[in-house]
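Just input_9.cif here, mmCIF, C-alpha atoms:
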data_my_file
#
loop_
_atom_site.group_PDB
_atom_site.id
_atom_site.type_symbol
_atom_site.label_atom_id
_atom_site.label_comp_id
_atom_site.auth_asym_id
_atom_site.auth_seq_id
_atom_site.Cartn_x
_atom_site.Cartn_y
_atom_site.Cartn_z
ATOM 1 C CA MET A 1 -0.290 -10.652 -7.926
ATOM 2 C CA GLU A 2 -3.322 -10.178 -5.721
ATOM 3 C CA VAL A 3 -4.442 -7.200 -3.658
ATOM 4 C CA HIS A 4 -6.211 -8.065 -0.388
ATOM 5 C CA TRP A 5 -8.136 -5.441 1.616
ATOM 6 C CA ARG A 6 -8.763 -5.385 5.346
ATOM 7 C CA ASN A 7 -11.370 -2.936 6.725
ATOM 8 C CA PRO A 8 -11.853 -1.034 3.444
ATOM 9 C CA GLY A 9 -15.348 0.084 4.477
ATOM 10 C CA GLU A 10 -14.259 3.667 5.116
ATOM 11 C CA LEU A 11 -12.966 4.059 1.550
ATOM 12 C CA GLU A 12 -15.146 4.733 -1.447
ATOM 13 C CA ASP A 13 -15.050 2.070 -4.164
ATOM 14 C CA SER A 14 -13.518 4.560 -6.597
ATOM 15 C CA ASN A 15 -10.568 5.136 -4.231
ATOM 16 C CA ARG A 16 -10.020 1.403 -3.840
ATOM 17 C CA GLU A 17 -10.140 0.899 -7.608
ATOM 18 C CA ALA A 18 -7.708 3.772 -8.186
ATOM 19 C CA ALA A 19 -5.319 2.300 -5.605
ATOM 20 C CA GLU A 20 -5.492 -1.122 -7.229
ATOM 21 C CA GLU A 21 -4.822 0.436 -10.652
ATOM 22 C CA ARG A 22 -1.793 2.263 -9.285
ATOM 23 C CA ILE A 23 -0.459 -0.936 -7.722
ATOM 24 C CA ALA A 24 -1.084 -2.819 -10.983
ATOM 25 C CA LYS A 25 0.943 -0.188 -12.876
ATOM 26 C CA LEU A 26 3.828 -0.735 -10.453
ATOM 27 C CA ALA A 27 3.668 -4.473 -11.130
ATOM 28 C CA GLU A 28 3.346 -4.104 -14.898
ATOM 29 C CA GLY A 29 6.243 -5.785 -16.685
ATOM 30 C CA HIS A 30 7.621 -7.218 -13.437
ATOM 31 C CA GLN A 31 7.057 -10.440 -11.541
ATOM 32 C CA ASP A 32 8.549 -9.445 -8.194
ATOM 33 C CA LEU A 33 5.337 -8.404 -6.374
ATOM 34 C CA ILE A 34 3.394 -11.449 -5.196
ATOM 35 C CA ASP A 35 0.682 -10.536 -2.676
ATOM 36 C CA ILE A 36 -0.301 -7.152 -1.326
ATOM 37 C CA TRP A 37 -2.397 -6.451 1.774
ATOM 38 C CA VAL A 38 -3.922 -3.022 2.369
ATOM 39 C CA ASP A 39 -5.131 -2.434 5.934
ATOM 40 C CA VAL A 40 -7.272 0.613 6.757
ATOM 41 C CA GLU A 41 -7.643 1.309 10.463
ATOM 42 C CA VAL A 42 -8.223 3.977 13.059
ATOM 43 C CA ALA A 43 -4.794 4.818 14.483
ATOM 44 C CA ASN A 44 -6.219 4.751 18.016
ATOM 45 C CA PRO A 45 -9.120 2.282 18.177
ATOM 46 C CA HIS A 46 -10.422 3.873 21.398
ATOM 47 C CA HIS A 47 -11.179 7.127 19.530
ATOM 48 C CA ARG A 48 -13.376 6.484 16.493
ATOM 49 C CA GLN A 49 -12.809 10.026 15.212
ATOM 50 C CA GLY A 50 -9.032 9.783 15.462
ATOM 51 C CA PRO A 51 -6.571 9.723 12.589
ATOM 52 C CA ARG A 52 -6.705 6.934 10.023
ATOM 53 C CA LYS A 53 -3.737 4.743 9.314
ATOM 54 C CA VAL A 54 -3.248 2.772 6.113
ATOM 55 C CA THR A 55 -0.618 0.050 6.009
ATOM 56 C CA ILE A 56 0.443 -1.627 2.796
ATOM 57 C CA ARG A 57 2.340 -4.893 3.156
ATOM 58 C CA CYS A 58 3.761 -6.594 0.113
ATOM 59 C CA GLN A 59 5.303 -10.009 -0.206
ATOM 60 C CA ALA A 60 7.896 -9.574 -2.952
ATOM 61 C CA ARG A 61 10.472 -12.012 -4.247
ATOM 62 C CA ARG A 62 12.939 -12.485 -1.359
ATOM 63 C CA ALA A 63 11.683 -9.343 0.408
ATOM 64 C CA GLU A 64 8.780 -7.840 2.302
ATOM 65 C CA LEU A 65 7.837 -4.213 1.824
ATOM 66 C CA VAL A 66 5.817 -2.204 4.347
ATOM 67 C CA ALA A 67 4.470 1.309 3.816
ATOM 68 C CA HIS A 68 2.358 3.479 6.150
ATOM 69 C CA GLY A 69 0.214 6.545 5.682
ATOM 70 C CA THR A 70 -1.604 8.492 8.406
ATOM 71 C CA ALA A 71 -4.123 11.294 8.021
ATOM 72 C CA SER A 72 -7.390 12.511 9.512
ATOM 73 C CA GLU A 73 -9.355 10.854 6.673
ATOM 74 C CA PRO A 74 -8.772 7.464 5.044
ATOM 75 C CA GLU A 75 -8.307 8.746 1.459
ATOM 76 C CA PRO A 76 -5.255 10.959 2.164
ATOM 77 C CA ALA A 77 -3.815 8.196 4.366
ATOM 78 C CA LEU A 78 -4.166 5.756 1.463
ATOM 79 C CA HIS A 79 -2.536 8.257 -0.896
ATOM 80 C CA ASP A 80 0.405 8.747 1.481
ATOM 81 C CA ALA A 81 0.841 4.983 1.918
ATOM 82 C CA LEU A 82 0.794 4.480 -1.862
ATOM 83 C CA GLU A 83 3.474 7.167 -2.293
ATOM 84 C CA VAL A 84 5.724 5.444 0.248
ATOM 85 C CA PHE A 85 4.986 2.014 -1.252
ATOM 86 C CA SER A 86 5.884 3.238 -4.736
ATOM 87 C CA ARG A 87 9.223 4.609 -3.489
ATOM 88 C CA GLU A 88 9.964 1.327 -1.685
ATOM 89 C CA VAL A 89 9.242 -0.750 -4.802
ATOM 90 C CA HIS A 90 11.531 1.450 -6.906
ATOM 91 C CA ARG A 91 14.232 1.337 -4.229
ATOM 92 C CA LEU A 92 14.028 -2.487 -4.092
ATOM 93 C CA ARG A 93 14.308 -2.753 -7.872
ATOM 94 C CA ASP A 94 17.235 -0.317 -7.967
ATOM 95 C CA LYS A 95 19.103 -2.388 -5.363
ATOM 96 C CA ARG A 96 18.508 -5.544 -7.376
ATOM 97 C CA ARG A 97 19.812 -3.875 -10.553
ATOM 98 C CA GLU A 98 22.942 -2.697 -8.730
ATOM 99 C CA ARG A 99 23.701 -6.230 -7.522
ATOM 100 C CA ARG A 100 23.705 -7.529 -11.091
#
Once you've parsed the file, please lay out its structure as structure tokens.
Amino acid sequence: MEVHWRNPGELEDSNREAAEERIAKLAEGHQDLIDIWVDVEVANPHHRQGPRKVTIRCQARRAELVAHGTASEPEPALHDALEVFSREVHRLRDKRRERR
């Protein structure tokens, strides 16, 4: 599994590292998460001071997961996106267990 960042300049390195650690914990013991892209952007590019939006896209085995977080600063937006992403990963795994 690899984590790819797009426009991470607004995030401190410690926040990026913490996010990657959290994603790695989700992947631990599983082989369903393949590639993950984290995109940090201004929600409205015409207003530099506008809200920040973080999108996490994950290519998983036979699925694609997408999670969004929006806040006035990039760190809370990243946190919100990670919360949604975590729920989506658990939901995907629960569905797969139910099918078996």
With only C-alpha atoms as the basis for distance, which of A:Arg16, A:Arg93, A:Arg99, A:Arg62 is at the shortest distance from His79 (chain A)?
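Among A:Arg16, A:Arg93, A:Arg99, A:Arg62, it is A:Arg16 that comes nearest to His79 (chain A).
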So, counting all atoms listed in the file, which residue among A:Arg52, A:Arg96, A:His4, A:Arg87 is closest to Ile34 (chain A)?
A:His4
Give the answer as one residue: which of A:Asp80, A:Met1, A:Val54, A:Val40 has the shortest atom-to-atom distance to Glu28 (chain A), using all atoms listed in the file?
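Once distances to Glu28 (chain A) are computed over all atoms listed in the file, the minimum belongs to A:Met1.
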Identify all residues satisfying the PyMOL selection byres ((chain A and resi 9) around 12) in the given file; provide them as a PDB file with C-alpha atoms, in the frame of the given file.
ATOM      1  CA  TRP A   5      -8.136  -5.441   1.616  1.00  0.00           C
ATOM      2  CA  ARG A   6      -8.763  -5.385   5.346  1.00  0.00           C
ATOM      3  CA  ASN A   7     -11.370  -2.936   6.725  1.00  0.00           C
ATOM      4  CA  PRO A   8     -11.853  -1.034   3.444  1.00  0.00           C
ATOM      5  CA  GLU A  10     -14.259   3.667   5.116  1.00  0.00           C
ATOM      6  CA  LEU A  11     -12.966   4.059   1.550  1.00  0.00           C
ATOM      7  CA  GLU A  12     -15.146   4.733  -1.447  1.00  0.00           C
ATOM      8  CA  ASP A  13     -15.050   2.070  -4.164  1.00  0.00           C
ATOM      9  CA  ASN A  15     -10.568   5.136  -4.231  1.00  0.00           C
ATOM     10  CA  ARG A  16     -10.020   1.403  -3.840  1.00  0.00           C
ATOM     11  CA  ASP A  39      -5.131  -2.434   5.934  1.00  0.00           C
ATOM     12  CA  VAL A  40      -7.272   0.613   6.757  1.00  0.00           C
ATOM     13  CA  GLU A  41      -7.643   1.309  10.463  1.00  0.00           C
ATOM     14  CA  VAL A  42      -8.223   3.977  13.059  1.00  0.00           C
ATOM     15  CA  PRO A  74      -8.772   7.464   5.044  1.00  0.00           C
ATOM     16  CA  GLU A  75      -8.307   8.746   1.459  1.00  0.00           C
TER      17      GLU A  75
END
Within 6 Å of Asp35 (chain A) using only C-alpha atoms, minus same-chain residues under 4 positions, as a PDB file with C-alpha atoms, in the frame of the given file:
ATOM      1  CA  MET A   1      -0.290 -10.652  -7.926  1.00  0.00           C
ATOM      2  CA  GLU A   2      -3.322 -10.178  -5.721  1.00  0.00           C
ATOM      3  CA  CYS A  58       3.761  -6.594   0.113  1.00  0.00           C
ATOM      4  CA  GLN A  59       5.303 -10.009  -0.206  1.00  0.00           C
TER       5      GLN A  59
END
Any idea what the distance is between CA of Thr55 (chain A) and CA of Glu83 (chain A)?
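Separation of CA of Thr55 (chain A) and CA of Glu83 (chain A): 11.7 Å.
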For Leu82 (chain A), which residue out of A:Leu65, A:Ile56, A:Thr70, A:Gly29 is the nearest one, using all atoms listed in the file?
A:Ile56
Please compute the CA of Leu26 (chain A)-CA of Ala60 (chain A) distance, one decimal, in Å.
12.3 Å
Between CA of Ala63 (chain A) and CA of Ala18 (chain A), distance in Å (one decimal):
24.9 Å
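Ranking A:Lys95, A:His68, A:Val89, A:Ser14 by their shortest atom-to-atom distance to His30 (chain A), with all atoms listed in the file included, puts A:Val89 first.
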Between A:Val66, A:Ala71, A:Val3, A:Ile36, which is the closest to Lys53 (chain A) once you count only C-alpha atoms?
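Under the stated criterion, the closest residue is A:Ala71.
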